[in-house]
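Raw contents of model-v5.pdb, PDB, C-alpha atoms:
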MODEL        1
ATOM      1  CA  MET M   1     -26.985 -71.213 -10.876
ATOM      2  CA  PHE M   2     -26.302 -67.762 -12.254
ATOM      3  CA  LYS M   3     -28.741 -68.417 -15.105
ATOM      4  CA  LYS M   4     -31.462 -69.226 -12.566
ATOM      5  CA  GLN M   5     -30.808 -65.989 -10.659
ATOM      6  CA  ARG M   6     -30.779 -63.819 -13.782
ATOM      7  CA  PRO M   7     -34.602 -63.571 -14.090
ATOM      8  CA  ILE M   8     -34.816 -62.613 -10.414
ATOM      9  CA  LEU M   9     -32.181 -59.873 -10.777
ATOM     10  CA  SER M  10     -33.848 -58.592 -13.909
ATOM     11  CA  GLY M  11     -37.174 -58.463 -12.114
ATOM     12  CA  LEU M  12     -35.681 -56.511  -9.208
ATOM     13  CA  LEU M  13     -34.071 -54.090 -11.615
ATOM     14  CA  ILE M  14     -37.395 -53.503 -13.353
ATOM     15  CA  VAL M  15     -39.117 -52.911 -10.015
ATOM     16  CA  LEU M  16     -36.462 -50.379  -9.008
ATOM     17  CA  ILE M  17     -36.792 -48.596 -12.340
ATOM     18  CA  LEU M  18     -40.548 -48.481 -11.961
ATOM     19  CA  ILE M  19     -40.264 -47.148  -8.422
ATOM     20  CA  ALA M  20     -37.795 -44.462  -9.511
ATOM     21  CA  GLY M  21     -39.968 -43.591 -12.471
ATOM     22  CA  SER M  22     -43.007 -43.423 -10.251
ATOM     23  CA  CYS M  23     -41.264 -40.995  -7.836
ATOM     24  CA  LYS M  24     -40.120 -38.831 -10.682
ATOM     25  CA  SER M  25     -43.516 -38.797 -12.319
ATOM     26  CA  LYS M  26     -45.127 -37.920  -8.980
ATOM     27  CA  PHE M  27     -42.926 -34.809  -8.679
ATOM     28  CA  GLU M  28     -43.477 -33.888 -12.307
ATOM     29  CA  LYS M  29     -47.233 -34.256 -11.889
ATOM     30  CA  LEU M  30     -47.117 -32.057  -8.800
ATOM     31  CA  LYS M  31     -45.065 -29.473 -10.639
ATOM     32  CA  ALA M  32     -47.531 -29.424 -13.541
ATOM     33  CA  SER M  33     -50.656 -29.333 -11.358
ATOM     34  CA  ASN M  34     -52.743 -26.284 -10.507
ATOM     35  CA  ASP M  35     -52.885 -27.175  -6.821
ATOM     36  CA  ASN M  36     -50.811 -24.233  -5.636
ATOM     37  CA  ALA M  37     -51.387 -24.915  -1.934
ATOM     38  CA  LYS M  38     -50.092 -28.474  -2.286
ATOM     39  CA  LYS M  39     -47.110 -27.288  -4.320
ATOM     40  CA  TYR M  40     -46.373 -24.625  -1.699
ATOM     41  CA  GLN M  41     -46.370 -27.200   1.130
ATOM     42  CA  ALA M  42     -44.235 -29.572  -0.933
ATOM     43  CA  ALA M  43     -41.720 -26.805  -1.753
ATOM     44  CA  ILE M  44     -41.315 -25.968   1.944
ATOM     45  CA  ALA M  45     -40.945 -29.680   2.731
ATOM     46  CA  TYR M  46     -38.257 -30.110   0.048
ATOM     47  CA  TYR M  47     -36.454 -27.022   1.371
ATOM     48  CA  ASN M  48     -36.459 -28.383   4.933
ATOM     49  CA  LYS M  49     -35.131 -31.710   3.642
ATOM     50  CA  LYS M  50     -32.341 -29.718   1.887
ATOM     51  CA  ASP M  51     -33.536 -30.921  -1.520
ATOM     52  CA  TYR M  52     -33.037 -27.420  -2.843
ATOM     53  CA  ASN M  53     -33.214 -28.272  -6.532
ATOM     54  CA  LYS M  54     -36.772 -29.575  -6.298
ATOM     55  CA  ALA M  55     -37.731 -26.794  -3.924
ATOM     56  CA  LEU M  56     -36.454 -24.215  -6.417
ATOM     57  CA  GLU M  57     -38.420 -25.728  -9.299
ATOM     58  CA  LEU M  58     -41.623 -25.498  -7.291
ATOM     59  CA  PHE M  59     -40.926 -22.020  -5.911
ATOM     60  CA  GLU M  60     -40.282 -20.738  -9.443
ATOM     61  CA  THR M  61     -43.769 -21.889 -10.530
ATOM     62  CA  LEU M  62     -45.359 -20.277  -7.470
ATOM     63  CA  VAL M  63     -43.712 -16.838  -7.296
ATOM     64  CA  GLN M  64     -45.925 -15.291  -9.974
ATOM     65  CA  ARG M  65     -49.067 -17.092  -8.858
ATOM     66  CA  TYR M  66     -48.848 -15.839  -5.273
ATOM     67  CA  ARG M  67     -47.985 -12.268  -6.175
ATOM     68  CA  GLY M  68     -50.075  -9.880  -4.048
ATOM     69  CA  GLN M  69     -51.339 -12.632  -1.754
ATOM     70  CA  ALA M  70     -50.691 -13.070   1.977
ATOM     71  CA  GLN M  71     -48.298 -15.989   1.449
ATOM     72  CA  ALA M  72     -46.187 -14.092  -1.111
ATOM     73  CA  GLU M  73     -43.773 -12.638   1.439
ATOM     74  CA  ASP M  74     -42.906 -16.007   3.009
ATOM     75  CA  LEU M  75     -42.687 -17.657  -0.387
ATOM     76  CA  TYR M  76     -40.303 -15.069  -1.810
ATOM     77  CA  TYR M  77     -38.151 -15.244   1.330
ATOM     78  CA  TYR M  78     -37.799 -19.001   0.884
ATOM     79  CA  TYR M  79     -37.169 -18.520  -2.832
ATOM     80  CA  ALA M  80     -34.252 -16.154  -2.198
ATOM     81  CA  TYR M  81     -32.737 -18.510   0.368
ATOM     82  CA  THR M  82     -33.142 -21.500  -1.951
ATOM     83  CA  ASN M  83     -30.940 -19.744  -4.530
ATOM     84  CA  TYR M  84     -28.492 -18.969  -1.739
ATOM     85  CA  ARG M  85     -28.398 -22.600  -0.566
ATOM     86  CA  LEU M  86     -27.681 -23.683  -4.141
ATOM     87  CA  LYS M  87     -24.752 -21.221  -4.151
ATOM     88  CA  ASP M  88     -26.208 -19.210  -7.010
ATOM     89  CA  TYR M  89     -25.082 -16.036  -5.301
ATOM     90  CA  THR M  90     -25.814 -13.742  -8.237
ATOM     91  CA  SER M  91     -29.482 -14.785  -8.317
ATOM     92  CA  ALA M  92     -29.709 -14.904  -4.532
ATOM     93  CA  SER M  93     -28.336 -11.371  -4.174
ATOM     94  CA  TYR M  94     -30.876 -10.092  -6.688
ATOM     95  CA  HIS M  95     -33.818 -11.800  -4.975
ATOM     96  CA  PHE M  96     -32.768 -10.731  -1.475
ATOM     97  CA  LYS M  97     -32.629  -7.146  -2.743
ATOM     98  CA  GLN M  98     -36.000  -7.552  -4.442
ATOM     99  CA  PHE M  99     -37.493  -8.841  -1.199
ATOM    100  CA  ALA M 100     -36.166  -5.845   0.777
ATOM    101  CA  ASP M 101     -37.451  -3.405  -1.857
ATOM    102  CA  THR M 102     -40.836  -5.101  -2.162
ATOM    103  CA  TYR M 103     -41.383  -5.495   1.594
ATOM    104  CA  PRO M 104     -39.485  -2.569   3.173
ATOM    105  CA  SER M 105     -41.614  -2.750   6.334
ATOM    106  CA  SER M 106     -40.987  -6.458   6.814
ATOM    107  CA  ALA M 107     -39.051  -7.626   9.865
ATOM    108  CA  ARG M 108     -36.884  -9.503   7.367
ATOM    109  CA  ALA M 109     -35.990  -6.450   5.237
ATOM    110  CA  GLU M 110     -32.782  -5.713   7.147
ATOM    111  CA  GLU M 111     -31.708  -9.356   6.996
ATOM    112  CA  CYS M 112     -32.339  -9.545   3.250
ATOM    113  CA  ASN M 113     -30.457  -6.312   2.585
ATOM    114  CA  PHE M 114     -27.510  -7.754   4.461
ATOM    115  CA  MET M 115     -27.763 -11.104   2.652
ATOM    116  CA  SER M 116     -27.848  -9.336  -0.712
ATOM    117  CA  ALA M 117     -24.515  -7.659   0.117
ATOM    118  CA  TYR M 118     -23.145 -10.863   1.655
ATOM    119  CA  CYS M 119     -23.799 -12.747  -1.599
ATOM    120  CA  TYR M 120     -21.532 -10.235  -3.366
ATOM    121  CA  TYR M 121     -18.920 -10.980  -0.709
ATOM    122  CA  LEU M 122     -19.217 -14.712  -1.406
ATOM    123  CA  ASP M 123     -18.908 -14.045  -5.147
ATOM    124  CA  SER M 124     -15.644 -12.135  -4.681
ATOM    125  CA  PRO M 125     -12.907 -14.186  -6.426
ATOM    126  CA  VAL M 126      -9.371 -14.981  -5.263
ATOM    127  CA  TYR M 127      -7.019 -11.979  -5.247
ATOM    128  CA  SER M 128      -5.258 -12.984  -8.478
ATOM    129  CA  LEU M 129      -8.437 -12.587 -10.570
ATOM    130  CA  ASP M 130     -10.426  -9.526 -11.619
ATOM    131  CA  GLN M 131     -11.755  -7.763  -8.525
ATOM    132  CA  GLU M 132     -14.866  -6.062  -9.908
ATOM    133  CA  ASN M 133     -17.140  -8.083  -7.609
ATOM    134  CA  THR M 134     -14.895  -7.286  -4.648
ATOM    135  CA  HIS M 135     -15.395  -3.559  -5.207
ATOM    136  CA  LYS M 136     -19.148  -4.099  -5.616
ATOM    137  CA  ALA M 137     -19.274  -6.133  -2.399
ATOM    138  CA  ILE M 138     -17.517  -3.347  -0.476
ATOM    139  CA  ASP M 139     -20.013  -0.804  -1.850
ATOM    140  CA  LYS M 140     -23.004  -3.019  -0.976
ATOM    141  CA  LEU M 141     -21.785  -3.739   2.552
ATOM    142  CA  GLN M 142     -21.018  -0.071   3.153
ATOM    143  CA  LEU M 143     -24.499   0.810   1.906
ATOM    144  CA  PHE M 144     -25.965  -1.642   4.418
ATOM    145  CA  ILE M 145     -23.987   0.014   7.232
ATOM    146  CA  ASN M 146     -25.272   3.412   6.099
ATOM    147  CA  LEU M 147     -28.874   2.170   5.989
ATOM    148  CA  TYR M 148     -28.742   0.359   9.329
ATOM    149  CA  PRO M 149     -26.027   2.051  11.428
ATOM    150  CA  LYS M 150     -27.464   0.596  14.666
ATOM    151  CA  SER M 151     -27.869  -2.934  13.365
ATOM    152  CA  GLU M 152     -26.228  -5.853  15.149
ATOM    153  CA  ARG M 153     -24.914  -6.883  11.738
ATOM    154  CA  VAL M 154     -22.799  -3.718  11.343
ATOM    155  CA  ALA M 155     -19.832  -5.318  13.108
ATOM    156  CA  GLU M 156     -19.963  -8.319  10.806
ATOM    157  CA  ALA M 157     -20.371  -6.105   7.738
ATOM    158  CA  SER M 158     -17.327  -4.050   8.799
ATOM    159  CA  LYS M 159     -15.280  -7.219   9.253
ATOM    160  CA  LEU M 160     -16.288  -8.435   5.786
ATOM    161  CA  ILE M 161     -15.296  -5.090   4.272
ATOM    162  CA  GLN M 162     -11.888  -5.367   5.914
ATOM    163  CA  ASN M 163     -11.455  -8.879   4.493
ATOM    164  CA  LEU M 164     -12.236  -7.564   1.025
ATOM    165  CA  ARG M 165      -9.831  -4.647   1.403
ATOM    166  CA  ASP M 166      -7.141  -7.074   2.506
ATOM    167  CA  LYS M 167      -7.729  -8.964  -0.733
ATOM    168  CA  LEU M 168      -7.395  -5.792  -2.813
ATOM    169  CA  GLU M 169      -4.269  -4.880  -0.864
ATOM    170  CA  ARG M 170      -2.784  -8.319  -1.569
ATOM    171  CA  LYS M 171      -3.521  -7.981  -5.280
ATOM    172  CA  ALA M 172      -1.899  -4.535  -5.418
ATOM    173  CA  TYR M 173       1.149  -5.828  -3.545
ATOM    174  CA  GLU M 174       1.530  -8.845  -5.842
ATOM    175  CA  ASN M 175       1.149  -6.671  -8.944
ATOM    176  CA  ALA M 176       3.934  -4.372  -7.769
ATOM    177  CA  ARG M 177       6.179  -7.350  -7.034
ATOM    178  CA  LEU M 178       5.446  -8.708 -10.496
ATOM    179  CA  TYR M 179       6.844  -5.541 -12.102
ATOM    180  CA  LEU M 180      10.052  -6.079 -10.142
ATOM    181  CA  THR M 181      10.187  -9.742 -11.176
ATOM    182  CA  ILE M 182       9.795  -9.039 -14.895
ATOM    183  CA  GLY M 183      12.358  -6.226 -14.781
ATOM    184  CA  ASP M 184      10.086  -3.208 -15.270
ATOM    185  CA  TYR M 185      11.866  -1.409 -12.427
ATOM    186  CA  GLN M 186      10.449   2.067 -12.932
ATOM    187  CA  ALA M 187       6.876   0.681 -12.898
ATOM    188  CA  ALA M 188       7.734  -1.292  -9.755
ATOM    189  CA  VAL M 189       8.904   1.850  -7.938
ATOM    190  CA  ILE M 190       5.746   3.699  -8.959
ATOM    191  CA  ASP M 191       3.447   0.806  -8.027
ATOM    192  CA  PHE M 192       5.059   0.247  -4.622
ATOM    193  CA  GLY M 193       4.510   3.938  -3.949
ATOM    194  CA  ASN M 194       0.875   3.697  -5.020
ATOM    195  CA  VAL M 195       0.211   0.722  -2.745
ATOM    196  CA  LEU M 196       1.824   2.466   0.221
ATOM    197  CA  ARG M 197      -0.273   5.553  -0.477
ATOM    198  CA  ASP M 198      -3.535   3.656  -0.906
ATOM    199  CA  TYR M 199      -2.925   1.305   2.043
ATOM    200  CA  PRO M 200      -0.863   3.300   4.570
ATOM    201  CA  ASP M 201      -1.402   0.667   7.274
ATOM    202  CA  THR M 202      -0.579  -2.295   5.053
ATOM    203  CA  LYS M 203       1.197  -5.233   6.648
ATOM    204  CA  TYR M 204       3.501  -5.290   3.609
ATOM    205  CA  ALA M 205       4.801  -1.749   4.217
ATOM    206  CA  GLU M 206       8.271  -2.642   5.511
ATOM    207  CA  GLU M 207       8.929  -5.171   2.765
ATOM    208  CA  MET M 208       7.634  -2.863   0.036
ATOM    209  CA  GLU M 209       9.735   0.059   1.213
ATOM    210  CA  TYR M 210      12.791  -2.180   1.054
ATOM    211  CA  LEU M 211      11.776  -3.471  -2.388
ATOM    212  CA  THR M 212      11.383   0.151  -3.500
ATOM    213  CA  ILE M 213      15.099   0.667  -2.768
ATOM    214  CA  LYS M 214      15.932  -2.498  -4.690
ATOM    215  CA  ALA M 215      13.756  -1.550  -7.667
ATOM    216  CA  GLN M 216      15.195   1.985  -7.766
ATOM    217  CA  TYR M 217      18.749   0.609  -7.598
ATOM    218  CA  GLU M 218      18.047  -1.739 -10.523
ATOM    219  CA  TYR M 219      16.384   1.094 -12.423
ATOM    220  CA  ALA M 220      19.493   3.252 -11.937
ATOM    221  CA  TYR M 221      21.881   0.380 -12.712
ATOM    222  CA  HIS M 222      20.222  -0.261 -16.075
ATOM    223  CA  SER M 223      20.064   3.434 -16.998
ATOM    224  CA  SER M 224      22.392   5.362 -19.319
ATOM    225  CA  GLU M 225      25.525   6.813 -17.756
ATOM    226  CA  LEU M 226      24.126  10.333 -17.984
ATOM    227  CA  LYS M 227      21.138   9.441 -15.786
ATOM    228  CA  LYS M 228      22.740   7.053 -13.318
ATOM    229  CA  GLU M 229      23.914   9.592 -10.750
ATOM    230  CA  ASP M 230      20.482  11.134 -10.267
ATOM    231  CA  ARG M 231      18.736   7.752 -10.088
ATOM    232  CA  PHE M 232      21.270   6.192  -7.749
ATOM    233  CA  ASN M 233      20.872   9.227  -5.483
ATOM    234  CA  THR M 234      17.139   8.524  -5.353
ATOM    235  CA  ALA M 235      17.903   4.965  -4.233
ATOM    236  CA  ILE M 236      20.233   6.341  -1.548
ATOM    237  CA  ASN M 237      17.494   8.678  -0.294
ATOM    238  CA  PHE M 238      15.050   5.774  -0.154
ATOM    239  CA  GLU M 239      17.565   3.833   1.943
ATOM    240  CA  LYS M 240      18.049   6.720   4.373
ATOM    241  CA  GLN M 241      14.298   6.985   4.899
ATOM    242  CA  PHE M 242      14.046   3.222   5.367
ATOM    243  CA  ALA M 243      16.890   3.105   7.905
ATOM    244  CA  ASP M 244      15.294   5.902   9.931
ATOM    245  CA  LYS M 245      11.894   4.243   9.889
ATOM    246  CA  TYR M 246      12.981   0.620  10.424
ATOM    247  CA  PRO M 247      16.261   0.668  12.397
ATOM    248  CA  THR M 248      15.868  -2.998  13.420
ATOM    249  CA  SER M 249      14.467  -4.309  10.129
ATOM    250  CA  LYS M 250      15.543  -7.709   8.857
ATOM    251  CA  TYR M 251      15.993  -5.990   5.479
ATOM    252  CA  LEU M 252      18.323  -3.278   6.813
ATOM    253  CA  LYS M 253      21.569  -5.102   5.990
ATOM    254  CA  ASP M 254      20.501  -5.581   2.372
ATOM    255  CA  ALA M 255      19.259  -1.994   2.217
ATOM    256  CA  VAL M 256      22.638  -0.672   3.395
ATOM    257  CA  SER M 257      24.358  -2.876   0.827
ATOM    258  CA  LEU M 258      22.184  -1.369  -1.915
ATOM    259  CA  LYS M 259      23.091   2.111  -0.676
ATOM    260  CA  GLN M 260      26.805   1.284  -0.906
ATOM    261  CA  ASP M 261      26.325  -0.229  -4.347
ATOM    262  CA  SER M 262      24.500   2.943  -5.379
ATOM    263  CA  GLU M 263      27.393   5.103  -4.162
ATOM    264  CA  ASP M 264      29.810   2.879  -6.088
ATOM    265  CA  GLY M 265      27.539   3.183  -9.110
ATOM    266  CA  ILE M 266      27.704   6.976  -8.940
ATOM    267  CA  ALA M 267      31.496   6.873  -8.762
ATOM    268  CA  ARG M 268      31.689   4.516 -11.752
ATOM    269  CA  ALA M 269      29.290   6.677 -13.747
ATOM    270  CA  LYS M 270      31.371   9.799 -13.063
ATOM    271  CA  ARG M 271      34.567   8.020 -14.136
ATOM    272  CA  ALA M 272      32.907   6.736 -17.274
ATOM    273  CA  LEU M 273      31.608  10.187 -18.182
ATOM    274  CA  ALA M 274      35.065  11.681 -17.574
ATOM    275  CA  GLU M 275      36.627   9.061 -19.823
ATOM    276  CA  TYR M 276      34.076   9.746 -22.524
ATOM    277  CA  ALA M 277      34.822  13.447 -22.247
ATOM    278  CA  ASN M 278      38.575  12.835 -22.616
ATOM    279  CA  GLU M 279      38.022  10.505 -25.523
ATOM    280  CA  ASP M 280      35.900  13.130 -27.221
ATOM    281  CA  LYS M 281      38.608  15.765 -26.751
ATOM    282  CA  TYR M 282      41.264  13.434 -28.084
ATOM    283  CA  ARG M 283      39.063  12.441 -30.998
ATOM    284  CA  HIS M 284      38.280  16.067 -31.851
ATOM    285  CA  ARG M 285      41.985  16.868 -32.091
ATOM    286  CA  PHE M 286      42.366  14.435 -34.956
ATOM    287  CA  ASP M 287      38.921  14.735 -36.434
ATOM    288  CA  LYS M 288      39.316  18.549 -36.755
ATOM    289  CA  LYS M 289      39.903  19.584 -40.338
ATOM    290  CA  ASP M 290      43.383  21.089 -40.977
ATOM    291  CA  THR M 291      43.002  24.689 -42.241
ATOM    292  CA  VAL M 292      46.694  24.816 -43.256
ATOM    293  CA  THR M 293      47.061  23.828 -46.952
ATOM    294  CA  GLY M 294      50.877  23.358 -46.930
ATOM    295  CA  GLN M 295      54.126  24.413 -45.411
ATOM    296  CA  PRO M 296      54.763  28.190 -45.330
ATOM    297  CA  PRO M 297      56.727  29.212 -48.466
ATOM    298  CA  SER M 298      60.477  29.660 -48.065
ATOM    299  CA  GLU M 299      61.912  33.081 -48.774
ATOM    300  CA  LYS M 300      63.311  33.185 -52.306
ATOM    301  CA  ILE M 301      66.606  34.844 -52.986
ATOM    302  CA  ASN M 302      66.322  37.662 -55.466
ATOM    303  CA  THR M 303      69.269  36.997 -57.699
ATOM    304  CA  ASN M 304      68.862  40.422 -59.178
ATOM    305  CA  GLN M 305      69.168  42.078 -55.812
ATOM    306  CA  LYS M 306      72.576  43.701 -55.289
ATOM    307  CA  ILE M 307      74.595  42.667 -52.372
ATOM    308  CA  PRO M 308      75.005  45.620 -50.169
ATOM    309  CA  ALA M 309      78.522  46.905 -49.804
ATOM    310  CA  GLN M 310      80.272  45.769 -46.762
TER
ENDMDL
END
Could you rewrite the structure in this file as structure tokens?
Amino acid sequence: MFKKQRPILSGLLIVLILIAGSCKSKFEKLKASNDNAKKYQAAIAYYNKKDYNKALELFETLVQRYRGQAQAEDLYYYYAYTNYRLKDYTSASYHFKQFADTYPSSARAEECNFMSAYCYYLDSPVYSLDQENTHKAIDKLQLFINLYPKSERVAEASKLIQNLRDKLERKAYENARLYLTIGDYQAAVIDFGNVLRDYPDTKYAEEMEYLTIKAQYEYAYHSSELKKEDRFNTAINFEKQFADKYPTSKYLKDAVSLKQDSEDGIARAKRALAEYANEDKYRHRFDKKDTVTGQPPSEKINTNQKIPAQ
């Protein structure tokens, strides 16, 4: 029975292949034709059907041919959005900007300027990666706000900028924590300070100020005895500032413990330095070269000397 059905199945397969080939060849013929009007209509139809790949192929063949013509503005607008729909945000941003520059009087110029900046926003990577595009996106969105301060899109642009700054803040915070994790305590103290300076309203402020105490304590603990007192005192000062600023902090108990440990560290360092000083004195007593060459000579009796008369 299967052998009887095999010719039928093979025939159906051939028909399907022919149909598929016919559809493909129809699109290829359209793409290669000189009927720009037909290609234009087909490109719009493909776009509306969300077949963006075919729409893009047709738009790319039409952009140059319609340059300077009445339909050019609409065509280029669709072309920019087709790149956007395909998530090619680098190309889309470029073409949106080109549209706004080419048609500055267009009712769509503001929209395309915004979309150009928004594509940079969409191209901003996760916080753990390089943030060059994040900085560019902030600049582009701020430029849009400056160009169109009364635009309804200003609120959205401002919100997007804040999202990007939150990402940069998170990266800075994580970098500072990483220094603490790998044991580069001095760099951690410096980086926590930089983050708090650059992002004074950061949501990580309380935690980072506590971690600054911890990093400074570890920095002091791993220092030479001569430098411990000064560095532990810095940790103590950090704790005092923290306690004043966050009297109900969940980190306060640990902060106070670090302060006490720092005070104990100062006391130990002073004892150690005193012991070293005593050891040095004791060592110098025996290491000092003896300038005496021998016992003082005994007085010799002069046998020739007369004994005085009694």
inquiry  = Take the PyMOL selection byres ((chain M and resi 140) around 10), run it mentally on this structure, and tell me the resulting residues as a list in words.
reply    =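 Taken over the shown coordinates, the PyMOL selection byres ((chain M and resi 140) around 10) returns Asn113, Phe114, Ser116, Ala117, Tyr118, Cys119, Tyr120, Tyr121, Thr134, His135, Lys136, Ala137, Ile138, Asp139, Leu141, Gln142, Leu143, Phe144, Ile145, Asn146, Ala157 and Ile161 of chain M.
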Quick one: write out the picked residues with C-alpha atoms as a tab-separated table (two decimals), keeping the file's coordinate frame?
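Output below, filename out.tsv:
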chain	number	residue	atom	x	y	z
M	113	ASN	CA	-30.46	-6.31	2.58
M	114	PHE	CA	-27.51	-7.75	4.46
M	116	SER	CA	-27.85	-9.34	-0.71
M	117	ALA	CA	-24.52	-7.66	0.12
M	118	TYR	CA	-23.14	-10.86	1.66
M	119	CYS	CA	-23.80	-12.75	-1.60
M	120	TYR	CA	-21.53	-10.24	-3.37
M	121	TYR	CA	-18.92	-10.98	-0.71
M	134	THR	CA	-14.90	-7.29	-4.65
M	135	HIS	CA	-15.40	-3.56	-5.21
M	136	LYS	CA	-19.15	-4.10	-5.62
M	137	ALA	CA	-19.27	-6.13	-2.40
M	138	ILE	CA	-17.52	-3.35	-0.48
M	139	ASP	CA	-20.01	-0.80	-1.85
M	141	LEU	CA	-21.78	-3.74	2.55
M	142	GLN	CA	-21.02	-0.07	3.15
M	143	LEU	CA	-24.50	0.81	1.91
M	144	PHE	CA	-25.96	-1.64	4.42
M	145	ILE	CA	-23.99	0.01	7.23
M	146	ASN	CA	-25.27	3.41	6.10
M	157	ALA	CA	-20.37	-6.10	7.74
M	161	ILE	CA	-15.30	-5.09	4.27
inquiry  = For the provided coordinates, the residues matched by the PyMOL selection byres ((chain M and resi 207) around 12) should be stated as an NGL selection string.
reply    = :M and (173-174 or 176-177 or 192 or 195-196 or 202-206 or 208-214 or 242 or 246 or 249-252 or 254-255)
Output for the residues just chosen: C-alpha atoms as a short mmCIF file (atom, residue, chain, number, x, y, z; two decimals), keeping the file's coordinate frame:
data_model
loop_
_atom_site.label_atom_id
_atom_site.label_comp_id
_atom_site.auth_asym_id
_atom_site.auth_seq_id
_atom_site.Cartn_x
_atom_site.Cartn_y
_atom_site.Cartn_z
CA TYR M 173 1.15 -5.83 -3.54
CA GLU M 174 1.53 -8.85 -5.84
CA ALA M 176 3.93 -4.37 -7.77
CA ARG M 177 6.18 -7.35 -7.03
CA PHE M 192 5.06 0.25 -4.62
CA VAL M 195 0.21 0.72 -2.74
CA LEU M 196 1.82 2.47 0.22
CA THR M 202 -0.58 -2.30 5.05
CA LYS M 203 1.20 -5.23 6.65
CA TYR M 204 3.50 -5.29 3.61
CA ALA M 205 4.80 -1.75 4.22
CA GLU M 206 8.27 -2.64 5.51
CA MET M 208 7.63 -2.86 0.04
CA GLU M 209 9.74 0.06 1.21
CA TYR M 210 12.79 -2.18 1.05
CA LEU M 211 11.78 -3.47 -2.39
CA THR M 212 11.38 0.15 -3.50
CA ILE M 213 15.10 0.67 -2.77
CA LYS M 214 15.93 -2.50 -4.69
CA PHE M 242 14.05 3.22 5.37
CA TYR M 246 12.98 0.62 10.42
CA SER M 249 14.47 -4.31 10.13
CA LYS M 250 15.54 -7.71 8.86
CA TYR M 251 15.99 -5.99 5.48
CA LEU M 252 18.32 -3.28 6.81
CA ASP M 254 20.50 -5.58 2.37
CA ALA M 255 19.26 -1.99 2.22
#
query = Excluding same-chain residues fewer than 6 positions from Ala32 of chain M, what lies within 10 Å of it counting all atoms listed in the file, as a ChimeraX atom specification?
reply = /M:26,39,58,61
Could those selected residues go to a file with C-alpha atoms, as a tab-separated table (two decimals), in the coordinates of the input?
chain	number	residue	atom	x	y	z
M	26	LYS	CA	-45.13	-37.92	-8.98
M	39	LYS	CA	-47.11	-27.29	-4.32
M	58	LEU	CA	-41.62	-25.50	-7.29
M	61	THR	CA	-43.77	-21.89	-10.53
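Here the question is which of M:Lys253, M:Lys240, M:Arg85, M:Lys259 gets nearest to Tyr217 of chain M using all atoms listed in the file, and that residue is M:Lys259.
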query = atom CA of Arg170 of chain M and atom CA of Asp201 of chain M, how far apart in Å?
reply =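 We find that atom CA of Asp201 of chain M and atom CA of Arg170 of chain M lie 12.7 Å from each other.
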Since the input has fewer atoms than a full residue there, write segment 134-146 of chain M out with N, CA and C atoms, as a CSV table (one decimal), keeping the file's coordinate frame.
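Output below, filename part32.csv:
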chain,number,residue,atom,x,y,z
M,134,THR,N,-15.4,-7.7,-6.0
M,134,THR,CA,-14.9,-7.3,-4.6
M,134,THR,C,-15.3,-5.8,-4.4
M,135,HIS,N,-15.0,-5.0,-5.4
M,135,HIS,CA,-15.4,-3.6,-5.2
M,135,HIS,C,-16.9,-3.4,-5.0
M,136,LYS,N,-17.7,-4.2,-5.8
M,136,LYS,CA,-19.1,-4.1,-5.6
M,136,LYS,C,-19.6,-4.6,-4.2
M,137,ALA,N,-18.9,-5.6,-3.7
M,137,ALA,CA,-19.3,-6.1,-2.4
M,137,ALA,C,-19.0,-5.1,-1.3
M,138,ILE,N,-17.8,-4.4,-1.4
M,138,ILE,CA,-17.5,-3.3,-0.5
M,138,ILE,C,-18.6,-2.2,-0.5
M,139,ASP,N,-19.0,-1.9,-1.7
M,139,ASP,CA,-20.0,-0.8,-1.8
M,139,ASP,C,-21.3,-1.2,-1.2
M,140,LYS,N,-21.7,-2.5,-1.5
M,140,LYS,CA,-23.0,-3.0,-1.0
M,140,LYS,C,-23.0,-3.1,0.5
M,141,LEU,N,-21.9,-3.6,1.1
M,141,LEU,CA,-21.8,-3.7,2.6
M,141,LEU,C,-21.7,-2.4,3.2
M,142,GLN,N,-21.1,-1.4,2.6
M,142,GLN,CA,-21.0,-0.1,3.2
M,142,GLN,C,-22.4,0.6,3.1
M,143,LEU,N,-23.1,0.3,2.0
M,143,LEU,CA,-24.5,0.8,1.9
M,143,LEU,C,-25.4,0.2,3.0
M,144,PHE,N,-25.2,-1.0,3.3
M,144,PHE,CA,-26.0,-1.6,4.4
M,144,PHE,C,-25.7,-0.9,5.7
M,145,ILE,N,-24.4,-0.7,6.0
M,145,ILE,CA,-24.0,0.0,7.2
M,145,ILE,C,-24.6,1.4,7.3
M,146,ASN,N,-24.7,2.1,6.1
M,146,ASN,CA,-25.3,3.4,6.1
M,146,ASN,C,-26.8,3.4,6.3
